[in-house]
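File shown: coords_18.tsv (TSV, C-alpha atoms and all ligand atoms).
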```
chain	number	residue	atom	x	y	z
A	120	MET	CA	140.59	153.85	110.13
A	121	THR	CA	138.04	152.37	112.57
A	122	GLN	CA	136.37	155.07	114.65
A	123	LEU	CA	135.53	153.56	118.07
A	124	LEU	CA	132.05	154.24	119.43
A	125	GLY	CA	130.42	154.21	122.85
A	126	VAL	CA	128.06	151.28	123.49
A	127	ALA	CA	124.76	152.48	124.94
A	128	LEU	CA	122.34	150.14	126.65
A	129	ARG	CA	119.29	151.33	124.76
A	130	GLY	CA	116.55	148.92	125.80
A	131	THR	CA	115.79	145.92	128.03
A	132	GLY	CA	113.13	143.21	128.15
A	133	SER	CA	112.32	139.98	129.93
A	134	CYS	CA	109.88	137.08	129.90
A	135	LEU	CA	108.94	134.79	132.79
A	136	PRO	CA	106.70	131.74	132.32
A	137	ALA	CA	103.31	132.05	133.99
A	138	ARG	CA	103.60	128.91	136.13
A	139	VAL	CA	104.70	129.77	139.67
A	140	VAL	CA	106.19	126.88	141.66
A	141	PRO	CA	106.36	127.57	145.41
A	142	ASN	CA	108.76	125.66	147.67
A	143	ASP	CA	105.92	123.58	149.09
A	144	GLU	CA	105.45	121.87	145.72
A	145	PHE	CA	108.72	119.93	146.26
A	146	THR	CA	107.32	118.35	149.42
A	147	ASP	CA	103.60	118.22	148.63
A	148	VAL	CA	103.70	117.14	144.98
A	149	LEU	CA	107.18	115.65	144.41
A	150	ASN	CA	107.40	114.04	147.89
A	151	LEU	CA	110.96	115.28	148.34
A	152	ASP	CA	112.66	115.18	151.74
A	153	THR	CA	113.00	118.96	152.07
A	154	SER	CA	110.96	121.88	153.44
A	155	ASP	CA	109.98	125.43	152.59
A	156	GLU	CA	111.88	126.52	155.70
A	157	TRP	CA	115.14	124.78	154.60
A	158	ILE	CA	114.95	126.20	151.09
A	159	ARG	CA	114.14	129.74	152.28
A	160	THR	CA	116.83	129.90	154.96
A	161	ARG	CA	119.60	128.13	152.99
A	162	THR	CA	118.99	129.79	149.61
A	163	GLY	CA	116.53	132.73	149.97
A	164	ILE	CA	114.29	131.18	147.27
A	165	ARG	CA	110.52	131.18	147.91
A	166	GLU	CA	109.27	130.30	144.45
A	167	ARG	CA	110.44	130.01	140.85
A	168	ARG	CA	108.83	129.80	137.39
A	169	PHE	CA	108.58	126.63	135.29
A	170	ALA	CA	108.21	126.77	131.50
A	171	GLY	CA	104.87	125.36	130.38
A	172	LEU	CA	103.78	123.24	127.45
A	173	GLY	CA	105.04	124.77	124.21
A	174	GLU	CA	107.43	127.14	126.00
A	175	THR	CA	111.14	126.71	125.19
A	176	SER	CA	114.24	128.79	125.75
A	177	ALA	CA	113.91	130.12	122.18
A	178	SER	CA	110.24	131.05	122.63
A	179	LEU	CA	110.86	132.79	125.98
A	180	GLY	CA	113.96	134.45	124.50
A	181	ALA	CA	111.98	135.74	121.52
A	182	ILE	CA	109.43	137.44	123.80
A	183	ALA	CA	112.16	139.01	125.96
A	184	ALA	CA	113.94	140.15	122.77
A	185	ARG	CA	110.77	141.69	121.32
A	186	ASN	CA	110.21	143.57	124.61
A	187	ALA	CA	113.81	144.86	124.56
A	188	VAL	CA	113.54	146.04	120.94
A	189	GLU	CA	110.27	147.82	121.75
A	190	SER	CA	111.72	149.49	124.87
A	191	ALA	CA	114.66	150.69	122.72
A	192	GLY	CA	112.14	152.43	120.42
A	193	LEU	CA	113.28	150.26	117.51
A	194	THR	CA	111.75	147.57	115.31
A	195	PRO	CA	113.21	144.08	114.60
A	196	HIS	CA	114.17	145.43	111.17
A	197	ASP	CA	116.71	147.78	112.85
A	198	ILE	CA	118.68	144.95	114.51
A	199	ASP	CA	122.08	144.14	112.90
A	200	LEU	CA	123.20	141.17	115.04
A	201	ILE	CA	121.73	138.72	117.58
A	202	VAL	CA	123.88	137.00	120.21
A	203	CYS	CA	122.04	134.56	122.45
A	204	ALA	CA	123.42	132.87	125.59
A	205	SER	CA	121.91	129.59	126.80
A	206	VAL	CA	122.89	126.20	128.17
A	207	THR	CA	119.41	124.93	127.32
A	208	PRO	CA	118.91	125.79	123.61
A	209	ASP	CA	116.00	124.15	121.79
A	210	LEU	CA	118.37	122.28	119.45
A	211	MET	CA	122.07	121.54	119.04
A	212	SER	CA	121.70	123.30	115.69
A	213	PRO	CA	120.35	125.69	114.47
A	214	ALA	CA	121.24	128.13	117.26
A	215	ASN	CA	118.58	129.69	119.47
A	216	ALA	CA	119.66	133.04	117.98
A	217	ASN	CA	118.63	131.77	114.51
A	218	LEU	CA	115.21	130.69	115.85
A	219	ILE	CA	114.76	134.07	117.53
A	220	GLN	CA	115.81	135.94	114.37
A	221	ALA	CA	113.05	134.10	112.49
A	222	ALA	CA	110.47	134.60	115.26
A	223	LEU	CA	111.11	138.36	115.28
A	224	GLY	CA	111.19	138.66	111.47
A	225	CYS	CA	114.61	140.33	111.44
A	226	ARG	CA	116.59	140.90	108.25
A	227	GLN	CA	119.16	138.24	107.17
A	228	ILE	CA	121.58	139.44	109.85
A	229	PRO	CA	124.24	137.36	111.63
A	230	SER	CA	122.90	135.51	114.66
A	231	PHE	CA	124.65	132.95	116.84
A	232	ASP	CA	124.76	131.44	120.32
A	233	VAL	CA	127.33	131.72	123.09
A	234	LEU	CA	127.69	129.07	125.79
A	235	ALA	CA	129.22	130.14	129.09
A	236	ALA	CA	126.62	128.81	131.58
A	237	CYS	CA	125.55	131.39	134.19
A	238	SER	CA	128.15	133.85	132.81
A	239	GLY	CA	126.71	133.44	129.31
A	240	PHE	CA	124.83	136.73	129.20
A	241	LEU	CA	127.93	138.76	130.11
A	242	TYR	CA	130.04	136.83	127.58
A	243	ALA	CA	127.38	137.58	124.94
A	244	LEU	CA	127.28	141.22	126.06
A	245	SER	CA	131.04	141.40	125.53
A	246	VAL	CA	130.73	140.03	121.98
A	247	GLY	CA	127.84	142.35	121.12
A	248	SER	CA	129.63	145.38	122.60
A	249	GLN	CA	132.68	144.81	120.43
A	250	PHE	CA	130.61	144.70	117.23
A	251	VAL	CA	129.02	148.00	118.26
A	252	ARG	CA	132.25	149.66	119.44
A	253	THR	CA	134.00	149.01	116.11
A	254	GLY	CA	130.99	150.14	114.07
A	255	ALA	CA	130.46	146.64	112.61
A	256	ALA	CA	126.88	146.70	113.91
A	257	LYS	CA	124.68	149.63	114.93
A	258	HIS	CA	122.04	147.83	117.02
A	259	VAL	CA	122.72	144.46	118.67
A	260	LEU	CA	120.28	142.23	120.50
A	261	VAL	CA	121.87	140.30	123.38
A	262	ILE	CA	119.72	137.60	125.01
A	263	GLY	CA	120.08	135.23	127.98
A	264	THR	CA	117.43	132.51	128.07
A	265	GLU	CA	117.05	129.19	129.89
A	266	VAL	CA	114.70	126.32	130.68
A	267	LEU	CA	116.99	124.79	133.30
A	268	THR	CA	114.12	123.00	134.99
A	269	ARG	CA	114.23	120.59	132.02
A	270	THR	CA	117.78	119.55	132.96
A	271	ILE	CA	117.34	118.77	136.62
A	272	ASP	CA	116.79	115.55	138.52
A	273	PHE	CA	113.62	116.10	140.53
A	274	THR	CA	114.68	113.40	142.98
A	275	ASP	CA	117.89	115.29	143.92
A	276	ARG	CA	117.04	117.77	146.67
A	277	ASN	CA	120.55	119.27	146.47
A	278	SER	CA	119.92	120.75	143.04
A	279	CYS	CA	116.28	120.68	141.94
A	280	ILE	CA	115.09	123.37	144.37
A	281	LEU	CA	117.55	125.94	143.01
A	282	PHE	CA	116.49	126.57	139.43
A	283	GLY	CA	113.83	128.38	137.44
A	284	ASP	CA	113.09	129.27	133.80
A	285	GLY	CA	113.03	132.66	132.08
A	286	ALA	CA	114.65	135.04	129.62
A	287	GLY	CA	116.10	138.55	129.56
A	288	ALA	CA	117.44	140.71	126.74
A	289	VAL	CA	119.08	144.06	126.03
A	290	VAL	CA	119.62	146.18	122.92
A	291	LEU	CA	123.06	147.76	122.54
A	292	SER	CA	123.42	150.74	120.22
A	293	GLY	CA	126.37	152.76	119.04
A	294	THR	CA	126.75	156.30	120.34
A	295	PRO	CA	129.37	158.97	119.52
A	296	VAL	CA	129.73	159.53	123.30
A	297	LEU	CA	132.64	157.22	124.14
A	298	ASN	CA	132.23	157.57	127.91
A	299	ALA	CA	128.73	156.10	128.03
A	300	GLY	CA	127.05	152.73	128.33
A	301	VAL	CA	129.25	149.66	128.63
A	302	ARG	CA	132.49	150.82	130.31
A	303	THR	CA	134.41	147.66	131.17
A	304	ILE	CA	133.78	143.93	130.78
A	305	ARG	CA	135.88	141.25	132.47
A	306	LEU	CA	135.61	137.57	131.52
A	307	TYR	CA	137.36	134.58	133.10
A	308	SER	CA	137.25	130.78	132.98
A	309	ASP	CA	138.89	127.79	134.66
A	310	GLY	CA	138.14	124.59	132.76
A	311	SER	CA	140.16	122.52	135.22
A	312	ARG	CA	137.15	122.73	137.55
A	313	GLN	CA	134.64	121.71	134.87
A	314	GLU	CA	133.25	118.81	136.91
A	315	LEU	CA	131.70	121.10	139.57
A	316	ILE	CA	128.65	121.97	137.42
A	317	GLN	CA	127.71	119.96	134.35
A	318	VAL	CA	124.71	119.63	132.05
A	319	PRO	CA	125.63	116.46	130.12
A	320	SER	CA	123.20	116.63	127.18
A	321	ARG	CA	120.72	118.94	125.54
A	322	VAL	CA	117.15	119.48	126.70
A	323	THR	CA	114.17	118.37	124.73
A	324	PRO	CA	111.98	121.22	123.48
A	325	ASN	CA	108.92	118.96	123.61
A	326	PRO	CA	108.96	117.04	126.88
A	327	PRO	CA	106.61	114.07	126.89
A	328	PRO	CA	103.76	114.07	129.39
A	329	GLY	CA	104.53	112.45	132.75
A	330	PRO	CA	106.79	113.05	135.71
A	331	PRO	CA	109.60	115.52	135.00
A	332	GLN	CA	112.30	112.95	135.84
A	333	LEU	CA	111.35	110.90	132.78
A	334	GLN	CA	112.22	113.72	130.40
A	335	ARG	CA	115.96	112.99	130.14
A	336	LEU	CA	118.48	110.21	130.39
A	337	ASP	CA	120.95	112.29	132.38
A	338	TYR	CA	120.76	115.42	134.47
A	339	MET	CA	122.54	118.51	135.62
A	340	ARG	CA	125.11	117.73	138.32
A	341	ILE	CA	126.41	120.30	140.77
A	342	SER	CA	128.78	120.20	143.71
A	343	GLY	CA	126.90	122.83	145.68
A	344	ARG	CA	129.30	123.40	148.56
A	345	GLU	CA	132.36	123.83	146.28
A	346	VAL	CA	130.45	126.11	143.90
A	347	PHE	CA	129.30	128.15	146.90
A	348	ARG	CA	132.91	128.82	147.98
A	349	PHE	CA	134.04	129.57	144.40
A	350	ALA	CA	131.12	131.97	143.89
A	351	VAL	CA	131.80	134.00	147.04
A	352	THR	CA	135.54	134.32	146.32
A	353	ARG	CA	135.04	135.37	142.71
A	354	MET	CA	132.20	137.77	143.50
A	355	VAL	CA	134.40	139.57	146.02
A	356	GLU	CA	137.24	139.83	143.47
A	357	LEU	CA	134.91	141.13	140.76
A	358	ILE	CA	133.46	143.81	143.07
A	359	GLU	CA	136.94	144.95	144.14
A	360	GLN	CA	138.14	145.07	140.50
A	361	ALA	CA	135.09	147.08	139.48
A	362	GLU	CA	135.61	149.54	142.33
A	363	ALA	CA	139.19	150.05	141.09
A	364	ASP	CA	137.85	150.46	137.52
A	365	THR	CA	135.39	153.18	138.61
A	366	ARG	CA	138.25	155.13	140.24
A	367	GLU	CA	140.40	154.80	137.11
A	368	LEU	CA	137.51	155.94	134.90
A	369	GLY	CA	136.78	158.91	137.19
A	370	LEU	CA	133.26	157.66	138.01
A	371	SER	CA	131.75	158.60	141.36
A	372	GLY	CA	131.22	154.92	142.26
A	373	ILE	CA	128.91	151.96	141.74
A	374	ASP	CA	125.26	152.95	142.24
A	375	VAL	CA	123.68	149.52	141.83
A	376	LEU	CA	125.03	145.95	141.91
A	377	ILE	CA	123.12	143.28	140.00
A	378	PRO	CA	124.64	139.88	140.83
A	379	HIS	CA	123.81	136.49	139.36
A	380	GLN	CA	120.76	135.34	141.33
A	381	VAL	CA	121.86	132.05	142.84
A	382	ASN	CA	121.74	132.04	146.62
A	383	GLN	CA	121.09	134.86	149.10
A	384	ARG	CA	123.83	133.46	151.37
A	385	ILE	CA	126.40	133.68	148.54
A	386	ILE	CA	125.44	137.32	147.95
A	387	ASP	CA	125.46	138.16	151.68
A	388	ALA	CA	128.88	136.52	152.24
A	389	ALA	CA	130.39	138.41	149.28
A	390	LEU	CA	128.93	141.72	150.50
A	391	GLU	CA	130.23	141.18	153.99
A	392	SER	CA	133.70	140.33	152.74
A	393	SER	CA	133.91	143.22	150.26
A	394	GLY	CA	132.12	145.77	152.44
A	395	PHE	CA	129.79	146.61	149.53
A	396	PRO	CA	126.53	148.21	150.81
A	397	LYS	CA	123.59	145.80	150.86
A	398	GLU	CA	121.05	148.52	149.99
A	399	LYS	CA	122.66	148.93	146.54
A	400	VAL	CA	122.10	145.28	145.56
A	401	VAL	CA	119.22	144.05	143.39
A	402	VAL	CA	117.85	140.64	144.42
A	403	ASN	CA	114.92	138.78	142.86
A	404	LEU	CA	116.02	135.18	143.46
A	405	ASP	CA	113.27	134.84	146.07
A	406	ARG	CA	110.76	134.91	143.18
A	407	TYR	CA	112.65	133.33	140.27
A	408	GLY	CA	115.43	131.13	141.70
A	409	ASN	CA	118.55	130.64	139.59
A	410	THR	CA	117.80	131.17	135.88
A	411	SER	CA	121.47	130.85	134.78
A	412	ALA	CA	122.23	133.02	131.72
A	413	ALA	CA	118.85	134.75	132.09
A	414	SER	CA	119.29	135.84	135.70
A	415	VAL	CA	121.27	139.08	135.22
A	416	PRO	CA	119.24	140.48	132.28
A	417	ILE	CA	115.92	139.64	134.01
A	418	ALA	CA	117.06	141.46	137.17
A	419	LEU	CA	118.37	144.41	135.12
A	420	ASP	CA	115.10	144.74	133.21
A	421	GLU	CA	113.07	144.55	136.42
A	422	ALA	CA	115.34	147.07	138.18
A	423	LEU	CA	114.86	149.57	135.34
A	424	ARG	CA	111.12	149.05	135.09
A	425	THR	CA	110.58	149.46	138.84
A	426	GLY	CA	112.85	152.51	139.12
A	427	ARG	CA	115.37	150.59	141.25
A	428	CYS	CA	117.99	151.97	138.86
A	429	LYS	CA	117.67	154.92	136.51
A	430	PRO	CA	119.40	156.59	133.56
A	431	GLY	CA	122.80	157.94	134.61
A	432	ASP	CA	123.40	155.24	137.25
A	433	THR	CA	126.56	153.17	137.09
A	434	VAL	CA	125.55	149.54	137.41
A	435	LEU	CA	127.83	146.58	138.08
A	436	LEU	CA	126.66	143.25	136.63
A	437	VAL	CA	128.36	140.16	138.07
A	438	ALA	CA	127.94	136.49	137.12
A	439	PHE	CA	129.63	133.15	137.83
A	440	GLY	CA	128.89	129.49	137.18
A	441	GLY	CA	129.62	126.40	135.09
A	442	GLY	CA	132.90	126.21	133.21
A	443	LEU	CA	133.88	127.38	135.68
A	444	THR	CA	133.31	130.90	134.40
A	445	TRP	CA	133.04	134.28	136.09
A	446	SER	CA	132.49	137.74	134.66
A	447	SER	CA	131.48	141.35	135.25
A	448	ALA	CA	130.34	144.41	133.31
A	449	LEU	CA	130.34	148.02	134.45
A	450	VAL	CA	127.60	149.92	132.64
A	451	THR	CA	126.47	153.54	132.86
A	452	LEU	CA	122.76	153.55	132.06
B	501	LIG	O1	124.73	129.11	139.32
B	501	LIG	C1	125.66	128.13	139.69
B	501	LIG	C2	124.92	126.87	140.12
B	501	LIG	N1	124.53	126.97	141.48
B	501	LIG	C3	125.06	126.21	142.42
B	501	LIG	O2	125.91	125.41	142.15
B	501	LIG	C4	124.57	126.40	143.82
B	501	LIG	C5	125.64	126.87	144.76
B	501	LIG	N2	125.49	126.24	146.06
B	501	LIG	C6	124.47	126.52	146.91
B	501	LIG	O3	123.64	127.37	146.66
B	501	LIG	C7	124.42	125.72	148.21
B	501	LIG	O4	125.65	125.03	148.38
B	501	LIG	C8	123.24	124.72	148.28
B	501	LIG	C9	121.93	125.48	148.44
B	501	LIG	C10	123.19	123.85	147.03
B	501	LIG	C11	123.39	123.80	149.49
B	501	LIG	O5	123.49	124.58	150.67
B	501	LIG	P1	124.64	124.26	151.75
B	501	LIG	O6	124.42	125.13	152.90
B	501	LIG	O7	125.96	124.37	151.03
B	501	LIG	O8	124.31	122.79	152.16
B	501	LIG	P2	125.24	121.49	152.07
B	501	LIG	O9	125.44	121.09	150.63
B	501	LIG	O10	126.45	121.73	152.92
B	501	LIG	O11	124.31	120.42	152.78
B	501	LIG	C12	123.96	120.51	154.14
B	501	LIG	C13	122.88	119.49	154.45
B	501	LIG	C14	123.18	118.10	153.88
B	501	LIG	O12	122.73	117.15	154.82
B	501	LIG	P3	123.76	116.38	155.76
B	501	LIG	O13	124.74	115.70	154.83
B	501	LIG	O14	124.40	117.45	156.58
B	501	LIG	O15	122.90	115.45	156.52
B	501	LIG	C15	122.33	118.04	152.65
B	501	LIG	O16	121.96	116.72	152.31
B	501	LIG	O17	121.65	119.90	153.85
B	501	LIG	C16	121.10	118.82	153.11
B	501	LIG	N3	120.30	119.33	152.00
B	501	LIG	C17	118.98	119.56	152.11
B	501	LIG	N4	118.12	119.39	153.14
B	501	LIG	C18	116.84	119.71	152.92
B	501	LIG	C19	120.71	119.68	150.77
B	501	LIG	N5	119.65	120.11	150.04
B	501	LIG	C20	118.57	120.04	150.85
B	501	LIG	C21	117.21	120.35	150.69
B	501	LIG	N6	116.39	120.18	151.75
B	501	LIG	N7	116.72	120.84	149.52
```
Reformat the file's structure so that it appears as structure tokens.
Ligand code: UT7
Amino acid sequence: MTQLLGVALRGTGSCLPARVVPNDEFTDVLNLDTSDEWIRTRTGIRERRFAGLGETSASLGAIAARNAVESAGLTPHDIDLIVCASVTPDLMSPANANLIQAALGCRQIPSFDVLAACSGFLYALSVGSQFVRTGAAKHVLVIGTEVLTRTIDFTDRNSCILFGDGAGAVVLSGTPVLNAGVRTIRLYSDGSRQELIQVPSRVTPNPPPGPPQLQRLDYMRISGREVFRFAVTRMVELIEQAEADTRELGLSGIDVLIPHQVNQRIIDAALESSGFPKEKVVVNLDRYGNTSAASVPIALDEALRTGRCKPGDTVLLVAFGGGLTWSSALVTL
């Protein structure tokens, strides 16, 4: 008989490229009809990171993964499964998870990718958790990593100012304490609204020199205003569901909310509508922009490292994006 286990969040890690791109670069270097003031007031973003030469979503993901394994007090040899979420993998095949397995020097363990856009990390967390809960894997590495800036049209002011590159990772480990770690995960999708955010083809891991707009034949397309409305509605629902979950589980409440980092106005509107306290929300989009599947694990890692959340806290992770997909996870640290 399968003995169910608790799923502890044992370690976290992240990796941000060194190149900082402030808002002014869109006007001063790319000659775009925008302004630092517009970007700051309409999105909350001040700067973001761009992957440099030789950096790919697999290479950033491998560094974040190594940091997570180290912070868990483990070695790559201890990992039993790798699940990686990305809409910008280095290749169609093999999976980024395979590349990261090799980069870390793990055993010949299963490793595969999950694609659920900005919800990808929480989808991957759900998969990893279930391997741990059933005892099929003891230690699982879950990664969200993106180089979205290689999918955007740098002549489109509606989209190109929003995104940044980066990676985040966690290690999940089995624990005999059932009421610990990952408590609930909720995943949703609505493919009938697929056209609202699309990345039509894969990114190139080795962009040729020259202006960024020459790196692809086609680009990410978003319908910003529609996605904005969808994001606020779903974020409110996910917060209300999680509050009901905490009551059912007998928890004292949500200590920290880590939402997908997309737009300060989306977060503010959802908080106002749900009545969730602003001081409990972790925001770093001002420094990194929207890093899609990497945004939640980067913010979680930063929040733990800076003491913004601490062991024992109940944290709500919330994400939404292309698919359309939306998702949440309630985790006791
Ligand atoms: O993770 C999921 C992917 N993320 C998203 O899809 C983003 C979600 N959406 C958003 O964050 C916001 O909708 C945006 C930031 C994209 C746009 O903000 P908005 O307040 O919804 O603006 P809007 O689309 O209603 O556009 C208002 C005006 C337009 O000008 P007109 O038509 O009123 O003359 C836009 O052309 O703002 C203009 N605009 C800009 N102006 C200066 C749009 N982008 C810019 C820009 N600089 N970068």
Which residues of chain A come within 9 Å of ligand LIG 501 (chain B), and what is each one's closest atom pair and distance in Å (one decimal), counting all atoms listed in the file, sorted by chain and residue number, as JSON lines?
```
{"residue": "A:Phe145", "atom": "CA", "partner": "B:LIG501", "partner_atom": "N7", "distance": 8.7}
{"residue": "A:Leu151", "atom": "CA", "partner": "B:LIG501", "partner_atom": "N6", "distance": 8.1}
{"residue": "A:Asp152", "atom": "CA", "partner": "B:LIG501", "partner_atom": "N6", "distance": 6.2}
{"residue": "A:Thr153", "atom": "CA", "partner": "B:LIG501", "partner_atom": "N6", "distance": 3.6}
{"residue": "A:Ser154", "atom": "CA", "partner": "B:LIG501", "partner_atom": "N6", "distance": 5.9}
{"residue": "A:Asp155", "atom": "CA", "partner": "B:LIG501", "partner_atom": "N6", "distance": 8.3}
{"residue": "A:Glu156", "atom": "CA", "partner": "B:LIG501", "partner_atom": "N6", "distance": 8.7}
{"residue": "A:Trp157", "atom": "CA", "partner": "B:LIG501", "partner_atom": "N6", "distance": 5.6}
{"residue": "A:Ile158", "atom": "CA", "partner": "B:LIG501", "partner_atom": "N7", "distance": 5.9}
{"residue": "A:Arg161", "atom": "CA", "partner": "B:LIG501", "partner_atom": "O6", "distance": 5.7}
{"residue": "A:Thr162", "atom": "CA", "partner": "B:LIG501", "partner_atom": "C9", "distance": 5.3}
{"residue": "A:Ala236", "atom": "CA", "partner": "B:LIG501", "partner_atom": "O1", "distance": 8.0}
{"residue": "A:Cys237", "atom": "CA", "partner": "B:LIG501", "partner_atom": "O1", "distance": 5.7}
{"residue": "A:Ser238", "atom": "CA", "partner": "B:LIG501", "partner_atom": "O1", "distance": 8.7}
{"residue": "A:Asp275", "atom": "CA", "partner": "B:LIG501", "partner_atom": "N7", "distance": 8.0}
{"residue": "A:Arg276", "atom": "CA", "partner": "B:LIG501", "partner_atom": "N7", "distance": 4.2}
{"residue": "A:Asn277", "atom": "CA", "partner": "B:LIG501", "partner_atom": "N5", "distance": 3.8}
{"residue": "A:Ser278", "atom": "CA", "partner": "B:LIG501", "partner_atom": "C10", "distance": 6.0}
{"residue": "A:Cys279", "atom": "CA", "partner": "B:LIG501", "partner_atom": "N7", "distance": 7.6}
{"residue": "A:Ile280", "atom": "CA", "partner": "B:LIG501", "partner_atom": "N7", "distance": 6.0}
{"residue": "A:Leu281", "atom": "CA", "partner": "B:LIG501", "partner_atom": "C9", "distance": 7.0}
{"residue": "A:Phe282", "atom": "CA", "partner": "B:LIG501", "partner_atom": "N1", "distance": 8.3}
{"residue": "A:Leu315", "atom": "CA", "partner": "B:LIG501", "partner_atom": "O2", "distance": 7.7}
{"residue": "A:Ile316", "atom": "CA", "partner": "B:LIG501", "partner_atom": "O2", "distance": 6.5}
{"residue": "A:Arg340", "atom": "CA", "partner": "B:LIG501", "partner_atom": "O2", "distance": 8.6}
{"residue": "A:Ile341", "atom": "CA", "partner": "B:LIG501", "partner_atom": "O2", "distance": 5.3}
{"residue": "A:Ser342", "atom": "CA", "partner": "B:LIG501", "partner_atom": "O2", "distance": 6.1}
{"residue": "A:Gly343", "atom": "CA", "partner": "B:LIG501", "partner_atom": "O4", "distance": 3.7}
{"residue": "A:Arg344", "atom": "CA", "partner": "B:LIG501", "partner_atom": "O4", "distance": 4.0}
{"residue": "A:Glu345", "atom": "CA", "partner": "B:LIG501", "partner_atom": "O4", "distance": 7.1}
{"residue": "A:Val346", "atom": "CA", "partner": "B:LIG501", "partner_atom": "O2", "distance": 4.9}
{"residue": "A:Phe347", "atom": "CA", "partner": "B:LIG501", "partner_atom": "N2", "distance": 4.3}
{"residue": "A:Arg348", "atom": "CA", "partner": "B:LIG501", "partner_atom": "N2", "distance": 8.1}
{"residue": "A:Phe349", "atom": "CA", "partner": "B:LIG501", "partner_atom": "C5", "distance": 8.8}
{"residue": "A:Ala350", "atom": "CA", "partner": "B:LIG501", "partner_atom": "C5", "distance": 7.5}
{"residue": "A:His379", "atom": "CA", "partner": "B:LIG501", "partner_atom": "O1", "distance": 7.4}
{"residue": "A:Gln380", "atom": "CA", "partner": "B:LIG501", "partner_atom": "O1", "distance": 7.7}
{"residue": "A:Val381", "atom": "CA", "partner": "B:LIG501", "partner_atom": "O1", "distance": 5.4}
{"residue": "A:Asn382", "atom": "CA", "partner": "B:LIG501", "partner_atom": "O3", "distance": 5.0}
{"residue": "A:Gln383", "atom": "CA", "partner": "B:LIG501", "partner_atom": "O3", "distance": 8.3}
{"residue": "A:Arg384", "atom": "CA", "partner": "B:LIG501", "partner_atom": "O3", "distance": 7.7}
{"residue": "A:Ile385", "atom": "CA", "partner": "B:LIG501", "partner_atom": "O3", "distance": 7.1}
{"residue": "A:Asn409", "atom": "CA", "partner": "B:LIG501", "partner_atom": "O1", "distance": 6.4}
{"residue": "A:Thr410", "atom": "CA", "partner": "B:LIG501", "partner_atom": "O1", "distance": 8.0}
{"residue": "A:Ser411", "atom": "CA", "partner": "B:LIG501", "partner_atom": "O1", "distance": 5.9}
{"residue": "A:Ala412", "atom": "CA", "partner": "B:LIG501", "partner_atom": "O1", "distance": 8.9}
{"residue": "A:Ala438", "atom": "CA", "partner": "B:LIG501", "partner_atom": "O1", "distance": 8.3}
{"residue": "A:Phe439", "atom": "CA", "partner": "B:LIG501", "partner_atom": "O1", "distance": 6.5}
{"residue": "A:Gly440", "atom": "CA", "partner": "B:LIG501", "partner_atom": "C1", "distance": 4.3}
{"residue": "A:Gly441", "atom": "CA", "partner": "B:LIG501", "partner_atom": "C1", "distance": 6.3}
```
**Option closest in space to Ser133 of chain A, from A:Gly263, A:Gly192, A:Gly247, A:Gly173 [counting all atoms listed in the file]** =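 Selected residue with least distance to Ser133 of chain A: A:Gly263.
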**Request:** Check the smallest atom-to-atom distance from each of A:Pro396, A:Pro295, A:Pro378, A:Pro416 to Cys134 of chain A using all atoms listed in the file, then report the winner.
**Result:**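 Among the listed residues, A:Pro416 lies closest to Cys134 of chain A.
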Which polymer residues have any atom within 7 Å of an atom of Glu166 of chain A, counting only C-alpha atoms, with same-chain residues fewer than 6 positions away left out, as a JSON list (two decimals) with C-alpha atoms, keeping the file's coordinate frame?
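Now in part-v5.json:
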```json
[["chain", "number", "residue", "atom", "x", "y", "z"],
["A", 139, "VAL", "CA", 104.70, 129.77, 139.67],
["A", 140, "VAL", "CA", 106.19, 126.88, 141.66],
["A", 141, "PRO", "CA", 106.36, 127.57, 145.41],
["A", 142, "ASN", "CA", 108.76, 125.66, 147.67],
["A", 405, "ASP", "CA", 113.27, 134.84, 146.07],
["A", 406, "ARG", "CA", 110.76, 134.91, 143.18],
["A", 407, "TYR", "CA", 112.65, 133.33, 140.27],
["A", 408, "GLY", "CA", 115.43, 131.13, 141.70]]
```
**Prompt:** Quick one: of A:Ser447, A:Thr160, A:Asn150, A:Ser230, who's nearest to Ala204 of chain A, counting only C-alpha atoms?
**Reply:** A:Ser230
Name all residues at most 7 Å from Leu135 of chain A (count all atoms listed in the file; drop same-chain ones fewer than 2 positions away) and give them as a PDB file with C-alpha atoms, keeping the file's coordinate frame.
```pdb
ATOM      1  CA  SER A 133     112.320 139.980 129.930  1.00  0.00           C
ATOM      2  CA  ALA A 137     103.310 132.050 133.990  1.00  0.00           C
ATOM      3  CA  ARG A 168     108.830 129.800 137.390  1.00  0.00           C
ATOM      4  CA  ASP A 284     113.090 129.270 133.800  1.00  0.00           C
ATOM      5  CA  GLY A 285     113.030 132.660 132.080  1.00  0.00           C
ATOM      6  CA  ALA A 286     114.650 135.040 129.620  1.00  0.00           C
TER       7      ALA A 286
END
```
**Item:** Straight-line distance linking atom CA of Ile182 of chain A with atom CA of Met339 of chain A, stated in Å to one decimal
**Value:**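 Atom CA of Met339 of chain A lies at a distance of 25.9 Å from atom CA of Ile182 of chain A.
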**Residue nearest Thr268 of chain A among A:Met354, A:Ala418, A:Ile164, A:Val318 (counting only C-alpha atoms)** = A:Val318
**Item:** Val290 of chain A surroundings by all atoms listed in the file, 7 Å radius, close-in-sequence under 4 positions cut, as a PyMOL selection string
**Value:** chain A and resi 128-131+187-188+191+258-261
**Prompt:** Leaving out Ile377 of chain A and any residue of its chain fewer than 4 positions from it, which residues lie within 8 Å of it when counting all atoms listed in the file, given as a list in words?
**Reply:**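 Contacts, in chain order: Val400, Val401, Val402, Val415, Ala418, Leu419, Val434, Leu435, Leu436 and Val437 of chain A.
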**Request:** Do a neighbour search on Asp199 of chain A at 10 Å with all atoms listed in the file, toss out local chain neighbours closer than 3 positions, and write the hits as a ChimeraX atom specification.
**Result:** /A:195-196,225-230,250-251,255-260,292
